[in-house]
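Raw input22.cif, mmCIF, N, CA and C atoms:
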data_final
loop_
_atom_site.label_atom_id
_atom_site.label_comp_id
_atom_site.auth_asym_id
_atom_site.auth_seq_id
_atom_site.Cartn_x
_atom_site.Cartn_y
_atom_site.Cartn_z
N MET Z 424 7.86 2.01 9.60
CA MET Z 424 8.30 0.95 8.72
C MET Z 424 7.16 -0.03 8.43
N ARG Z 425 6.32 -0.27 9.45
CA ARG Z 425 5.20 -1.18 9.24
C ARG Z 425 4.22 -0.61 8.22
N TYR Z 426 4.10 0.71 8.22
CA TYR Z 426 3.18 1.38 7.29
C TYR Z 426 3.57 1.07 5.85
N TRP Z 427 4.86 1.22 5.54
CA TRP Z 427 5.33 0.96 4.18
C TRP Z 427 5.36 -0.53 3.88
N GLY Z 428 5.58 -1.34 4.90
CA GLY Z 428 5.53 -2.79 4.71
C GLY Z 428 4.14 -3.27 4.31
N LEU Z 429 3.11 -2.66 4.93
CA LEU Z 429 1.74 -3.00 4.55
C LEU Z 429 1.46 -2.62 3.10
N LEU Z 430 1.93 -1.44 2.68
CA LEU Z 430 1.73 -1.03 1.30
C LEU Z 430 2.43 -1.98 0.33
N ILE Z 431 3.65 -2.37 0.66
CA ILE Z 431 4.37 -3.31 -0.21
C ILE Z 431 3.65 -4.65 -0.25
N GLY Z 432 3.13 -5.10 0.89
CA GLY Z 432 2.37 -6.34 0.92
C GLY Z 432 1.11 -6.27 0.06
N LYS Z 433 0.42 -5.14 0.13
CA LYS Z 433 -0.78 -4.96 -0.71
C LYS Z 433 -0.41 -4.97 -2.19
N LEU Z 434 0.69 -4.31 -2.53
CA LEU Z 434 1.09 -4.25 -3.93
C LEU Z 434 1.55 -5.62 -4.44
N VAL Z 435 2.20 -6.41 -3.59
CA VAL Z 435 2.58 -7.77 -3.99
C VAL Z 435 1.33 -8.61 -4.21
N ALA Z 436 0.34 -8.50 -3.30
CA ALA Z 436 -0.92 -9.24 -3.49
C ALA Z 436 -1.63 -8.77 -4.75
N TRP Z 437 -1.62 -7.45 -5.00
CA TRP Z 437 -2.23 -6.90 -6.21
C TRP Z 437 -1.55 -7.47 -7.46
N GLY Z 438 -0.22 -7.52 -7.44
CA GLY Z 438 0.51 -8.07 -8.59
C GLY Z 438 0.21 -9.54 -8.81
N ALA Z 439 0.11 -10.31 -7.73
CA ALA Z 439 -0.20 -11.73 -7.86
C ALA Z 439 -1.61 -11.94 -8.41
N ILE Z 440 -2.55 -11.17 -7.91
CA ILE Z 440 -3.93 -11.29 -8.40
C ILE Z 440 -4.03 -10.90 -9.86
N SER Z 441 -3.38 -9.79 -10.22
CA SER Z 441 -3.46 -9.34 -11.61
C SER Z 441 -2.78 -10.33 -12.56
N TYR Z 442 -1.63 -10.88 -12.14
CA TYR Z 442 -0.95 -11.85 -12.99
C TYR Z 442 -1.77 -13.14 -13.11
N GLY Z 443 -2.40 -13.56 -12.00
CA GLY Z 443 -3.26 -14.75 -12.05
C GLY Z 443 -4.45 -14.55 -12.96
N LEU Z 444 -5.08 -13.37 -12.90
CA LEU Z 444 -6.20 -13.08 -13.80
C LEU Z 444 -5.75 -13.08 -15.25
N PHE Z 445 -4.57 -12.53 -15.51
CA PHE Z 445 -4.07 -12.51 -16.88
C PHE Z 445 -3.80 -13.92 -17.39
N LEU Z 446 -3.21 -14.76 -16.55
CA LEU Z 446 -2.97 -16.15 -16.96
C LEU Z 446 -4.28 -16.89 -17.19
N ALA Z 447 -5.30 -16.61 -16.39
CA ALA Z 447 -6.60 -17.24 -16.60
C ALA Z 447 -7.21 -16.81 -17.92
N ILE Z 448 -7.11 -15.52 -18.23
CA ILE Z 448 -7.63 -15.03 -19.51
C ILE Z 448 -6.85 -15.64 -20.66
N ASP Z 449 -5.52 -15.69 -20.51
CA ASP Z 449 -4.67 -16.19 -21.58
C ASP Z 449 -4.88 -17.69 -21.82
N SER Z 450 -5.14 -18.44 -20.76
CA SER Z 450 -5.33 -19.88 -20.94
C SER Z 450 -6.72 -20.23 -21.47
N PHE Z 451 -7.67 -19.32 -21.36
CA PHE Z 451 -9.02 -19.56 -21.83
C PHE Z 451 -9.09 -19.60 -23.35
N TRP Z 452 -8.30 -18.78 -24.03
CA TRP Z 452 -8.30 -18.72 -25.48
C TRP Z 452 -7.33 -19.73 -26.06
N PRO Z 453 -7.61 -20.25 -27.26
CA PRO Z 453 -6.67 -21.19 -27.90
C PRO Z 453 -5.40 -20.48 -28.32
N SER Z 454 -4.42 -21.28 -28.73
CA SER Z 454 -3.11 -20.71 -29.11
C SER Z 454 -3.27 -19.79 -30.33
N PRO Z 455 -2.30 -18.90 -30.54
CA PRO Z 455 -2.39 -17.96 -31.67
C PRO Z 455 -2.49 -18.67 -33.01
N LEU Z 456 -3.16 -18.04 -33.95
CA LEU Z 456 -3.39 -18.62 -35.28
C LEU Z 456 -2.21 -18.37 -36.20
N TRP Z 457 -2.16 -19.20 -37.25
CA TRP Z 457 -1.18 -18.99 -38.31
C TRP Z 457 -1.83 -18.11 -39.36
N LEU Z 458 -1.24 -16.99 -39.63
CA LEU Z 458 -1.75 -16.09 -40.66
C LEU Z 458 -0.75 -16.00 -41.80
N TYR Z 459 -1.15 -16.43 -42.98
CA TYR Z 459 -0.31 -16.37 -44.18
C TYR Z 459 1.05 -17.04 -43.95
N ASN Z 460 1.02 -18.22 -43.37
CA ASN Z 460 2.22 -19.01 -43.08
C ASN Z 460 3.16 -18.32 -42.10
N VAL Z 461 2.68 -17.37 -41.36
CA VAL Z 461 3.46 -16.72 -40.31
C VAL Z 461 2.63 -16.80 -39.04
N ARG Z 462 3.25 -17.28 -38.00
CA ARG Z 462 2.51 -17.40 -36.75
C ARG Z 462 2.36 -16.02 -36.11
N ALA Z 463 1.12 -15.68 -35.72
CA ALA Z 463 0.87 -14.40 -35.06
C ALA Z 463 1.51 -14.43 -33.68
N SER Z 464 2.28 -13.42 -33.35
CA SER Z 464 3.00 -13.42 -32.08
C SER Z 464 2.07 -13.13 -30.91
N SER Z 465 0.96 -12.49 -31.17
CA SER Z 465 0.05 -12.15 -30.08
C SER Z 465 -1.38 -12.13 -30.60
N ARG Z 466 -2.30 -12.49 -29.74
CA ARG Z 466 -3.71 -12.42 -30.11
C ARG Z 466 -4.25 -11.01 -29.91
N PHE Z 467 -3.54 -10.22 -29.13
CA PHE Z 467 -3.99 -8.87 -28.81
C PHE Z 467 -4.00 -8.03 -30.08
N GLY Z 468 -5.13 -7.47 -30.40
CA GLY Z 468 -5.26 -6.65 -31.59
C GLY Z 468 -5.81 -7.41 -32.79
N PHE Z 469 -5.75 -8.75 -32.75
CA PHE Z 469 -6.24 -9.56 -33.86
C PHE Z 469 -7.56 -10.25 -33.51
N ASP Z 470 -7.72 -10.60 -32.25
CA ASP Z 470 -8.92 -11.29 -31.78
C ASP Z 470 -9.72 -10.30 -30.93
N LEU Z 471 -10.93 -9.95 -31.39
CA LEU Z 471 -11.72 -8.92 -30.72
C LEU Z 471 -12.12 -9.33 -29.30
N ALA Z 472 -12.52 -10.57 -29.12
CA ALA Z 472 -12.95 -11.02 -27.78
C ALA Z 472 -11.76 -11.01 -26.81
N TYR Z 473 -10.60 -11.49 -27.28
CA TYR Z 473 -9.41 -11.49 -26.42
C TYR Z 473 -8.98 -10.08 -26.09
N THR Z 474 -9.00 -9.19 -27.06
CA THR Z 474 -8.62 -7.80 -26.82
C THR Z 474 -9.58 -7.13 -25.85
N SER Z 475 -10.86 -7.42 -25.96
CA SER Z 475 -11.85 -6.87 -25.03
C SER Z 475 -11.64 -7.41 -23.63
N ALA Z 476 -11.33 -8.70 -23.51
CA ALA Z 476 -11.08 -9.29 -22.20
C ALA Z 476 -9.83 -8.69 -21.55
N VAL Z 477 -8.79 -8.47 -22.32
CA VAL Z 477 -7.58 -7.85 -21.78
C VAL Z 477 -7.85 -6.40 -21.39
N GLY Z 478 -8.67 -5.70 -22.15
CA GLY Z 478 -9.04 -4.33 -21.79
C GLY Z 478 -9.83 -4.30 -20.49
N LEU Z 479 -10.76 -5.24 -20.31
CA LEU Z 479 -11.51 -5.33 -19.06
C LEU Z 479 -10.58 -5.71 -17.90
N TRP Z 480 -9.62 -6.61 -18.15
CA TRP Z 480 -8.63 -6.97 -17.14
C TRP Z 480 -7.82 -5.74 -16.72
N PHE Z 481 -7.43 -4.92 -17.67
CA PHE Z 481 -6.67 -3.72 -17.35
C PHE Z 481 -7.49 -2.77 -16.48
N LEU Z 482 -8.77 -2.60 -16.78
CA LEU Z 482 -9.61 -1.73 -15.96
C LEU Z 482 -9.75 -2.26 -14.54
N ILE Z 483 -9.87 -3.57 -14.40
CA ILE Z 483 -10.00 -4.18 -13.08
C ILE Z 483 -8.73 -3.99 -12.27
N ILE Z 484 -7.57 -4.25 -12.88
CA ILE Z 484 -6.33 -4.12 -12.09
C ILE Z 484 -6.01 -2.66 -11.80
N ALA Z 485 -6.39 -1.74 -12.68
CA ALA Z 485 -6.19 -0.32 -12.38
C ALA Z 485 -7.07 0.10 -11.21
N GLY Z 486 -8.30 -0.39 -11.16
CA GLY Z 486 -9.18 -0.10 -10.04
C GLY Z 486 -8.67 -0.70 -8.74
N LEU Z 487 -8.12 -1.92 -8.79
CA LEU Z 487 -7.56 -2.54 -7.59
C LEU Z 487 -6.34 -1.78 -7.09
N LEU Z 488 -5.52 -1.28 -8.01
CA LEU Z 488 -4.35 -0.48 -7.61
C LEU Z 488 -4.80 0.81 -6.94
N TYR Z 489 -5.82 1.45 -7.49
CA TYR Z 489 -6.35 2.67 -6.88
C TYR Z 489 -6.88 2.39 -5.48
N LEU Z 490 -7.59 1.27 -5.30
CA LEU Z 490 -8.11 0.93 -3.98
C LEU Z 490 -7.00 0.64 -2.98
N CYS Z 491 -5.92 0.01 -3.42
CA CYS Z 491 -4.78 -0.25 -2.52
C CYS Z 491 -4.19 1.06 -2.01
N ILE Z 492 -3.98 2.00 -2.90
CA ILE Z 492 -3.36 3.27 -2.51
C ILE Z 492 -4.35 4.12 -1.71
N TRP Z 493 -5.62 4.14 -2.08
CA TRP Z 493 -6.63 4.91 -1.36
C TRP Z 493 -6.79 4.40 0.07
N ASP Z 494 -6.80 3.07 0.24
CA ASP Z 494 -6.93 2.51 1.57
C ASP Z 494 -5.71 2.84 2.43
N GLN Z 495 -4.55 2.86 1.83
CA GLN Z 495 -3.32 3.14 2.57
C GLN Z 495 -3.29 4.58 3.09
N ARG Z 496 -3.86 5.50 2.35
CA ARG Z 496 -3.84 6.91 2.77
C ARG Z 496 -4.59 7.13 4.06
N TYR Z 497 -5.64 6.37 4.31
CA TYR Z 497 -6.49 6.57 5.47
C TYR Z 497 -6.23 5.53 6.56
N ARG Z 498 -4.98 5.16 6.75
CA ARG Z 498 -4.57 4.26 7.81
C ARG Z 498 -3.63 4.99 8.77
N CYS Z 499 -3.68 4.58 10.03
CA CYS Z 499 -2.78 5.16 11.04
C CYS Z 499 -1.35 4.76 10.70
N ARG Z 500 -0.42 5.70 10.85
CA ARG Z 500 0.98 5.43 10.52
C ARG Z 500 1.66 4.57 11.57
N VAL Z 501 1.03 4.41 12.74
CA VAL Z 501 1.64 3.65 13.84
C VAL Z 501 1.04 2.26 13.95
N CYS Z 502 -0.30 2.18 14.11
CA CYS Z 502 -0.94 0.89 14.37
C CYS Z 502 -1.62 0.29 13.13
N LEU Z 503 -1.65 1.00 12.04
CA LEU Z 503 -2.19 0.54 10.74
C LEU Z 503 -3.70 0.32 10.75
N ARG Z 504 -4.40 0.85 11.74
CA ARG Z 504 -5.85 0.75 11.74
C ARG Z 504 -6.43 1.87 10.89
N ARG Z 505 -7.66 1.66 10.42
CA ARG Z 505 -8.33 2.70 9.63
C ARG Z 505 -8.61 3.91 10.52
N LEU Z 506 -8.40 5.10 9.97
CA LEU Z 506 -8.68 6.33 10.70
C LEU Z 506 -10.19 6.55 10.74
N ARG Z 507 -10.67 7.09 11.84
CA ARG Z 507 -12.10 7.24 12.06
C ARG Z 507 -12.45 8.67 12.40
N ARG Z 508 -13.71 8.90 12.63
CA ARG Z 508 -14.28 10.15 13.13
C ARG Z 508 -13.86 11.37 12.31
N PRO Z 509 -14.29 11.47 11.07
CA PRO Z 509 -13.95 12.67 10.30
C PRO Z 509 -14.65 13.90 10.87
N ILE Z 510 -13.88 14.96 11.03
CA ILE Z 510 -14.40 16.21 11.57
C ILE Z 510 -14.11 17.30 10.56
N ALA Z 511 -15.12 18.05 10.18
CA ALA Z 511 -14.93 19.18 9.27
C ALA Z 511 -14.54 20.40 10.08
N THR Z 512 -13.44 21.04 9.70
CA THR Z 512 -12.99 22.26 10.37
C THR Z 512 -12.87 23.37 9.34
N GLY Z 513 -12.94 24.60 9.79
CA GLY Z 513 -12.83 25.73 8.89
C GLY Z 513 -14.14 26.02 8.20
N SER Z 514 -14.15 27.12 7.47
CA SER Z 514 -15.36 27.53 6.79
C SER Z 514 -14.97 28.40 5.60
N TRP Z 515 -15.68 28.24 4.50
CA TRP Z 515 -15.38 29.08 3.34
C TRP Z 515 -15.76 30.53 3.62
N SER Z 516 -16.81 30.77 4.40
CA SER Z 516 -17.21 32.15 4.67
C SER Z 516 -16.27 32.83 5.67
N ARG Z 517 -15.56 32.05 6.47
CA ARG Z 517 -14.61 32.61 7.43
C ARG Z 517 -13.20 32.10 7.14
N MET Z 518 -12.85 32.06 5.88
CA MET Z 518 -11.59 31.49 5.48
C MET Z 518 -10.40 32.30 6.00
N LEU Z 519 -10.52 33.63 6.04
CA LEU Z 519 -9.41 34.45 6.52
C LEU Z 519 -9.18 34.27 8.02
N LEU Z 520 -10.22 33.96 8.76
CA LEU Z 520 -10.11 33.80 10.19
C LEU Z 520 -9.73 32.37 10.58
N LEU Z 521 -10.36 31.39 9.97
CA LEU Z 521 -10.17 29.99 10.36
C LEU Z 521 -9.33 29.18 9.38
N GLY Z 522 -9.07 29.69 8.21
CA GLY Z 522 -8.33 28.94 7.20
C GLY Z 522 -9.28 28.17 6.30
N ARG Z 523 -8.71 27.58 5.27
CA ARG Z 523 -9.54 26.80 4.34
C ARG Z 523 -10.14 25.59 5.03
N PRO Z 524 -11.30 25.15 4.60
CA PRO Z 524 -11.93 23.99 5.22
C PRO Z 524 -11.08 22.74 5.07
N ARG Z 525 -11.03 21.96 6.12
CA ARG Z 525 -10.28 20.72 6.15
C ARG Z 525 -11.13 19.64 6.78
N ILE Z 526 -10.72 18.44 6.54
CA ILE Z 526 -11.34 17.29 7.18
C ILE Z 526 -10.24 16.61 7.98
N GLU Z 527 -10.49 16.39 9.26
CA GLU Z 527 -9.51 15.75 10.13
C GLU Z 527 -10.01 14.36 10.50
N TYR Z 528 -9.14 13.38 10.35
CA TYR Z 528 -9.42 12.01 10.76
C TYR Z 528 -8.53 11.71 11.96
N ILE Z 529 -9.00 10.87 12.85
CA ILE Z 529 -8.27 10.57 14.07
C ILE Z 529 -8.09 9.07 14.22
N CYS Z 530 -6.96 8.67 14.77
CA CYS Z 530 -6.73 7.26 15.06
C CYS Z 530 -7.55 6.90 16.29
N PRO Z 531 -8.25 5.77 16.27
CA PRO Z 531 -9.07 5.40 17.43
C PRO Z 531 -8.24 5.16 18.69
N TYR Z 532 -6.96 4.88 18.55
CA TYR Z 532 -6.11 4.62 19.70
C TYR Z 532 -5.23 5.81 20.06
N GLY Z 533 -5.48 6.97 19.44
CA GLY Z 533 -4.82 8.20 19.84
C GLY Z 533 -3.40 8.38 19.35
N HIS Z 534 -3.02 7.73 18.27
CA HIS Z 534 -1.65 7.88 17.77
C HIS Z 534 -1.43 9.16 16.98
N GLY Z 535 -2.47 9.75 16.44
CA GLY Z 535 -2.31 10.98 15.68
C GLY Z 535 -3.55 11.32 14.89
N THR Z 536 -3.42 12.41 14.12
CA THR Z 536 -4.53 12.87 13.27
C THR Z 536 -4.03 13.09 11.85
N LEU Z 537 -4.93 12.98 10.92
CA LEU Z 537 -4.64 13.22 9.52
C LEU Z 537 -5.50 14.38 9.06
N LYS Z 538 -4.87 15.43 8.55
CA LYS Z 538 -5.60 16.60 8.07
C LYS Z 538 -5.55 16.60 6.55
N GLU Z 539 -6.73 16.71 5.96
CA GLU Z 539 -6.86 16.67 4.50
C GLU Z 539 -7.67 17.88 4.06
N GLU Z 540 -7.25 18.52 2.99
CA GLU Z 540 -8.00 19.65 2.46
C GLU Z 540 -9.35 19.18 1.95
N GLU Z 541 -10.38 19.98 2.18
CA GLU Z 541 -11.71 19.63 1.69
C GLU Z 541 -11.78 19.72 0.17
N LEU Z 542 -11.06 20.69 -0.38
CA LEU Z 542 -11.04 20.89 -1.82
C LEU Z 542 -9.59 21.03 -2.25
N TYR Z 543 -9.17 20.19 -3.19
CA TYR Z 543 -7.80 20.27 -3.69
C TYR Z 543 -7.74 21.31 -4.80
N ILE Z 544 -7.07 22.42 -4.52
CA ILE Z 544 -6.96 23.48 -5.51
C ILE Z 544 -5.71 23.29 -6.35
N SER Z 545 -4.65 22.78 -5.75
CA SER Z 545 -3.42 22.54 -6.50
C SER Z 545 -2.89 21.16 -6.17
N VAL Z 546 -1.94 20.72 -6.95
CA VAL Z 546 -1.34 19.41 -6.75
C VAL Z 546 -0.46 19.41 -5.50
N LEU Z 547 0.00 20.57 -5.09
CA LEU Z 547 0.91 20.66 -3.97
C LEU Z 547 0.23 20.48 -2.61
N ASP Z 548 -1.09 20.48 -2.56
CA ASP Z 548 -1.80 20.25 -1.31
C ASP Z 548 -1.62 18.78 -0.93
N LYS Z 549 -1.03 18.56 0.25
CA LYS Z 549 -0.75 17.20 0.68
C LYS Z 549 -1.48 16.90 1.98
N LEU Z 550 -1.56 15.63 2.29
CA LEU Z 550 -2.11 15.22 3.56
C LEU Z 550 -1.11 15.57 4.66
N GLU Z 551 -1.63 15.94 5.82
CA GLU Z 551 -0.76 16.33 6.92
C GLU Z 551 -1.01 15.39 8.09
N TRP Z 552 -0.05 14.50 8.36
CA TRP Z 552 -0.15 13.56 9.47
C TRP Z 552 0.54 14.18 10.67
N THR Z 553 -0.18 14.30 11.77
CA THR Z 553 0.36 14.85 13.00
C THR Z 553 0.36 13.74 14.04
N GLU Z 554 1.54 13.31 14.43
CA GLU Z 554 1.64 12.25 15.41
C GLU Z 554 1.61 12.86 16.80
N SER Z 555 0.83 12.28 17.66
CA SER Z 555 0.75 12.76 19.03
C SER Z 555 1.07 11.60 19.96
N GLY Z 556 1.44 11.93 21.18
CA GLY Z 556 1.78 10.88 22.14
C GLY Z 556 0.60 9.97 22.38
N ASP Z 557 -0.10 10.21 23.47
CA ASP Z 557 -1.30 9.45 23.77
C ASP Z 557 -2.39 10.46 24.09
N MET Z 558 -3.11 10.89 23.06
CA MET Z 558 -4.09 11.95 23.24
C MET Z 558 -5.25 11.53 24.12
N TRP Z 559 -5.58 10.23 24.14
CA TRP Z 559 -6.69 9.79 24.99
C TRP Z 559 -6.28 9.88 26.45
N GLU Z 560 -5.01 9.71 26.73
CA GLU Z 560 -4.55 9.84 28.11
C GLU Z 560 -4.75 11.25 28.62
N GLU Z 561 -4.46 12.23 27.78
CA GLU Z 561 -4.68 13.64 28.16
C GLU Z 561 -6.15 13.92 28.39
N LEU Z 562 -7.01 13.42 27.53
CA LEU Z 562 -8.43 13.69 27.66
C LEU Z 562 -9.04 13.00 28.88
N CYS Z 563 -8.58 11.81 29.20
CA CYS Z 563 -9.14 11.08 30.33
C CYS Z 563 -8.53 11.53 31.66
N ALA Z 564 -7.38 12.21 31.62
CA ALA Z 564 -6.73 12.64 32.85
C ALA Z 564 -7.58 13.66 33.59
N ALA Z 565 -8.28 14.51 32.89
CA ALA Z 565 -9.10 15.53 33.53
C ALA Z 565 -10.24 14.91 34.32
N SER Z 566 -10.80 13.83 33.85
CA SER Z 566 -11.91 13.20 34.57
C SER Z 566 -11.40 12.41 35.77
N ARG Z 567 -10.17 11.93 35.75
CA ARG Z 567 -9.62 11.18 36.88
C ARG Z 567 -9.15 12.10 38.00
N ASP Z 568 -8.74 13.32 37.65
CA ASP Z 568 -8.21 14.23 38.66
C ASP Z 568 -9.26 14.87 39.52
N THR Z 569 -10.50 14.82 39.13
CA THR Z 569 -11.55 15.47 39.91
C THR Z 569 -11.83 14.67 41.17
N GLU Z 570 -12.10 15.37 42.23
CA GLU Z 570 -12.41 14.75 43.52
C GLU Z 570 -13.81 14.16 43.48
N PRO Z 571 -14.01 13.02 44.11
CA PRO Z 571 -15.38 12.47 44.14
C PRO Z 571 -16.27 13.34 45.03
N HIS Z 572 -17.50 13.46 44.61
CA HIS Z 572 -18.47 14.28 45.37
C HIS Z 572 -18.93 13.50 46.59
N SER Z 573 -18.93 14.16 47.76
CA SER Z 573 -19.39 13.47 48.96
C SER Z 573 -20.70 14.00 49.45
#

Could you quickly redo this structure as structure tokens?
Amino acid sequence: MRYWGLLIGKLVAWGAISYGLFLAIDSFWPSPLWLYNVRASSRFGFDLAYTSAVGLWFLIIAGLLYLCIWDQRYRCRVCLRRLRRPIATGSWSRMLLLGRPRIEYICPYGHGTLKEEELYISVLDKLEWTESGDMWEELCAASRDTEPHS
């Protein structure tokens, strides 16, 4: 639930920033002109500078939306930290034996791993999140069980 709450929080912040930028652009230009005794309902399409500024605003907010979603994909589903330590697995030359190449990311606190295809061939290829108990506990248990050398 925290994972989706963070995404909603990012999208709310994105919406506030984009609306604030639009209001700043809109307040910078004077009010719409009267054309042939009819007031123009919008400056968009009639004023080249305003239209260019709105187009640049659209590119900025589209990029910010992409960054919000891209950042969310590479976060741990449990603790919301960024996933680390990308490991390449598989090989194109040994695809029948090892499978297609993938990149695995791991949570630094051992909550799980994220497996992503190295090359997206179809739209149906999705990220695979595998939640594990406490993987660091398993790895450190072997070093604790050994007897001290005398």

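One finds atom CA of Leu537 of chain Z at 16.3 Å from atom CA of Gly522 of chain Z.
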
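For the atom pair formed by atom C of Phe481 of chain Z and atom N of Ile440 of chain Z, the distance is 13.0 Å, given to one decimal.
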
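Using all atoms listed in the file, the smallest distance between any of Z:Cys491, Z:Ala511, Z:Leu520, Z:Cys502 and Leu434 of chain Z comes from Z:Cys491.
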
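If only C-alpha atoms are the atoms counted, then among Z:Ala476, Z:Ile492, Z:Ile526, Z:Ala447 the closest residue to Leu429 of chain Z is Z:Ile492.
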
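For the pair atom CA of Thr536 of chain Z and atom CA of Met518 of chain Z, the interatomic distance is 21.4 Å.
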
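Proximity to Glu539 of chain Z at 8 Å, evaluated using all atoms listed in the file and with sequence-adjacent residues fewer than 5 positions away removed, yields Pro524, Arg525, Ile526, Glu527, Tyr528, Asp548, Lys549, Leu550, Glu551 and Trp552 of chain Z.
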
Find the axis-aligned box for segment 488-505 of chain Z, covering all its listed atoms and adding 3 Å on each side, and write its centre and edge lengths in Å to one decimal as lines of an AutoDock Vina configuration file.
center_x = -3.5
center_y = 2.9
center_z = 3.2
size_x = 16.3
size_y = 14.4
size_z = 28.4

>> Which residues are near Trp437 of chain Z? Cut-off 8 Å, only N, CA and C atoms, ignore same chain within fewer than 6 positions. Put them as a list of chain:residue names.
In response: Z:Ile431, Z:Gly443, Z:Ile484, Z:Leu487, Z:Leu488

> Do you know which residues are at most 6 Å from Arg507 of chain Z counting all atoms listed in the file, after dropping those on the same chain fewer than 5 positions away, and could you put them as a ChimeraX atom specification?
Replying inline: /Z:528-531
